[in-house]
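K.L.:
Dropping the structure in here first, questions after.
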Amino acid sequence: MAEKKRYPRLLDISAAGSQSLFLFGPRGTGKSSWLKEHFSKALFIDLLKSSIYRKLVADPSILEKLIPPDFTDRIIIDEIQKVPELLNEVHRLIESKGYRFIMTGSSARSLRRKGVNLLAGRALDYRMHPLTCIELGEDFSLETALRFGLLPMIYQVTDPKHYLESYIGAYLKEEVMQEGLARNIGNFTRFLEIASFSQGELVNYSEIGREIGVDRRVVTSYFDIVEDLLLGIKLPVFAKRAKRKLSSHQKFYFFDVGVYRELRPKGPLDSVQEMDGAALETLFFEHLRAYNDYFRWGFEFSFWRTADQHEVDFVAYGEKGLYAFEIKRKRHISPFDLKGLQAFGEDYEMAKLFLLYGGDEVEYHQNITVIPYQQTLFELKNILSGSDASGF
């Protein structure tokens, strides 16, 4: 085991004040550790502990009996989706006793699908993501991040590959099998491998179904499971005030580049360039989503692809503006590499256009700013916040 080091997280829940809240995020992103560090006097109820789980799943009203008399600090319920019926009891205790809860979970969406009580606005919604380059600071290594991802434990263990193997196995066992989310775990495991080939690509449900040997509707349900567990996200086409015919397909990304790389089968016929290109996009998207949630900017993310093959990897749209990002591995940019952003800029003149590449210098190609990839990761907060500190 490597020397453990705590990295300061960008998550800030101070705006919640004394209000109860949900903290959602995939397993392993550091939710529990962060809460224990920041709320040392809180009552911590861990639903992954079998004895606690069995009591509360049998009788949710026992929750009140676990709280000491006259308790005034926070009550943390870890992995609330394990016993969603507890939310009715939480609701009652907030109203009758004035208790303040923090509830962690792997998905708000899966709770909504079960039709459970999400406290009708009595609890705010926060998100935890894998680490970012800002949080890692001088310990950030682009090579390490692209190979093993940004889950916090990657930076605490001596064998990050073994950790990722165990992480994926734990998700299959604990989340998919125990929750009964997929009837055939073998098909679902195969699906995860096949889906890794769709990383950053247009999703073809019928083709994936043929490879696995299942109906298209089953594939659609598998993608829903992945999204419910916050393991991945489907990216829609940006179609606001569209001036051209656009693709009707969505793109897909696993939430962390290390998870993607571990799921992706590798052999002598697999293209390293293809995997590395998807990894660069995934790492960038991780940072986009994390900053958007931590700083509560409210951007909607999408990609842009026209019927005549003009494409932009990521579009961020919201009250703070319209931003388009294209990502290239190469160290030298050609005029052809700019065509997608140029076409997008013609249709959306207000957009700020950026191309991230493997070179070392910032370049300006008319209205397109070309920036070294790693520099963009560190400058992204300033770019999307509209700060002049980035200089772009």
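The way I read the labels, and the way they are meant: chains A, B, ... in the order of the structure tokens, residue 1 as the first residue of every chain, and ligand 1 as the first ligand shown, with later ones counted on from there.
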Please report, as a PyMOL selection string, each residue of stretch 100-331 of chain A to which DSSP assigns alpha helix (DSSP H) when run on this structure's backbone.
P.N.:
chain A and resi 108-113+133-136+142-148+160-170+185-196+205-212+216-228+257-263+272-294
K.L.:
Please provide as a list of chain:residue names all residues within 7 Å of stretch 22-28 of chain A, with the sequence filter that same-chain residues fewer than 6 positions apart are discarded (counting only C-alpha atoms).
P.N.:
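Close residues of stretch 22-28 of chain A: A:Ile102, A:Met103, A:Thr104, A:Gly105, A:Ser106, A:Ser107, A:Ala108, A:Ala123, A:Leu124, A:Asp125, A:Tyr126, A:Arg127, A:Met128, A:His129, A:Leu151, A:Leu229, A:Leu230, A:Leu231.
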K.L.:
Counting only C-alpha atoms, which residues of stretch 208-250 of chain A sit at most 6 Å from some atom of stretch 293-303 of chain A, and what is each one's closest atom pair with its distance in Å to one decimal, listed by chain and rising residue number, as CSV?
P.N.:
```
residue,atom,partner,partner_atom,distance
A:Leu235,CA,A:Ser302,CA,5.3
A:Pro236,CA,A:Ser302,CA,5.1
A:Val237,CA,A:Phe303,CA,5.1
A:Phe238,CA,A:Ser302,CA,5.4
```
K.L.:
Residues as selected, C-alpha atoms, written as a short mmCIF file (atom, residue, chain, number, x, y, z; two decimals), in the first residue's frame, can you do that?
P.N.:
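Resulting contents of again.cif:
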```cif
data_model
loop_
_atom_site.label_atom_id
_atom_site.label_comp_id
_atom_site.auth_asym_id
_atom_site.auth_seq_id
_atom_site.Cartn_x
_atom_site.Cartn_y
_atom_site.Cartn_z
CA LEU A 235 -24.35 12.39 -24.69
CA PRO A 236 -27.05 13.87 -26.97
CA VAL A 237 -26.56 15.86 -30.15
CA PHE A 238 -26.59 19.66 -29.76
#
```
K.L.:
Closest to A:Thr132 among A:Ile383, A:Ala145, A:Val370, A:Ile52, using only C-alpha atoms?
P.N.:
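Among A:Ile383, A:Ala145, A:Val370, A:Ile52, it is A:Ala145 that comes nearest to A:Thr132.
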K.L.:
Residues within 9 Å of A:Leu131, please, as a ChimeraX atom specification. Count only C-alpha atoms; anything in the same chain fewer than 3 positions from it doesn't count.
P.N.:
/A:7,9-10,29-30,134-136,149-152,286-287,290
K.L.:
What does the structure give for the distance between atom CA of A:Arg147 and atom CA of A:Val257, in Å to one decimal?
P.N.:
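These two atoms are separated by 7.3 Å.
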K.L.:
If you run DSSP on the backbone, which residues of stretch 211-240 of chain A are strand (DSSP E or B), as a ChimeraX atom specification?
P.N.:
/A:232-235,237
K.L.:
Extract, using only C-alpha atoms, all DNA, RNA and protein residues at most 10 Å from A:Tyr348, discarding same-chain residues fewer than 4 positions from it, and format them as a list of chain:residue names.
P.N.:
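Residues meeting the cut-off are A:Lys240, A:Arg241, A:Ala242, A:Lys243, A:Leu322, A:Tyr323, A:Ala324, A:Gln342, A:Ala343, A:Phe344, A:Lys352.
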K.L.:
Smallest atom-to-atom distance to A:Trp304: which of A:Gln156, A:Ser247, A:Ser221, A:Asn292, using only C-alpha atoms?
P.N.:
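The closest residue to A:Trp304 is A:Ser247.
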